[in-house]
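> Have a look at the structure that comes next, please.
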Amino acid sequence: MEVPQGKLLNFHLTHQDISETIGLTRVTVTRLINRLEQEGKIVRSHRNLILTTGEPSRYNE
């Protein structure tokens with residue numbers, strides 16, 4: 001789903017689900033997600049993720 005900040009991933013995956021799918025540890029997936037968030041490439045809102053467009057976002061303000 002398109003939102004002003006980018007694309008909303010409207011399904012719930014836990015870090016454990018992702019890690020089992022791609023063959024990494026849950027801790028590694030958590031670190032990678034945190035890094036992507038710090039770099040502004042994703043925004044977490046409740047249980048959803050938004051893949052950002054690269055434009056500065058006001059979503060978390």
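By order of appearance in the structure tokens: chains A, B, ..., then residues from 1 within every chain, and ligands from 1 in the order shown.
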So that I can check the surroundings of stretch 40-49 of chain A, please list as JSON, numbers by chain every protein, DNA and RNA residue that reaches within 7 Å of it, counting only C-alpha atoms and ignoring chain neighbours fewer than 2 positions away.

{"A": [8, 9, 10, 11, 12, 36, 37, 38, 51, 52, 54]}

> Would you mind exporting the chosen residues as an mmCIF file, in the first residue's frame, restricted to C-alpha atoms?


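What ended up in again-v6.cif:
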```cif
data_model
loop_
_atom_site.group_PDB
_atom_site.id
_atom_site.type_symbol
_atom_site.label_atom_id
_atom_site.label_comp_id
_atom_site.auth_asym_id
_atom_site.auth_seq_id
_atom_site.Cartn_x
_atom_site.Cartn_y
_atom_site.Cartn_z
ATOM 1 C CA LEU A 8 3.546 0.218 3.795
ATOM 2 C CA LEU A 9 4.129 -3.482 4.353
ATOM 3 C CA ASN A 10 0.730 -4.380 5.700
ATOM 4 C CA PHE A 11 1.524 -7.785 7.185
ATOM 5 C CA HIS A 12 3.149 -8.875 10.393
ATOM 6 C CA LEU A 36 17.928 0.349 8.322
ATOM 7 C CA GLU A 37 15.740 2.437 10.609
ATOM 8 C CA GLN A 38 18.688 4.620 11.685
ATOM 9 C CA LEU A 51 9.913 1.175 3.079
ATOM 10 C CA THR A 52 10.785 4.820 2.612
ATOM 11 C CA GLY A 54 14.405 8.206 0.378
#
```

> In Å to one decimal, how far is atom CA of A:Gln16 from atom CA of A:Val29?

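Atom CA of A:Gln16 lies 8.0 Å from atom CA of A:Val29.
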
> Report the residues of chain A whose backbone DSSP state falls under strand (DSSP E), written as a list of chain:residue names.

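Those residues are A:Glu2, A:Val3, A:Gly6, A:Lys7, A:Leu8, A:Leu9, A:Ile42, A:Val43, A:Arg44, A:Ser45, A:Asn48, A:Leu49, A:Ile50, A:Leu51, A:Thr52.
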
> Go through chain A and collect every residue that DSSP, computed from the backbone, puts in alpha helix (DSSP H); the answer should be as a ChimeraX atom specification.

/A:15-22,26-38

> For a test of reading the model, state the distance in Å between atom CA of A:Ile50 and atom CA of A:Gly6, rounded to one decimal.

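Taking atom CA of A:Ile50 as the start and atom CA of A:Gly6 as the end point, the length is 6.2 Å.
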
> Between atom CA of A:Thr53 and atom CA of A:Lys7, what distance in Å does the model show, to one decimal?

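Value for the atom CA of A:Thr53-atom CA of A:Lys7 distance: 7.8 Å.
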
> Leaving out A:Arg26 and any residue of its chain fewer than 3 positions from it, which residues lie within 10 Å of it when counting only C-alpha atoms, given as a PyMOL selection string?

chain A and resi 14-20+23+29-32
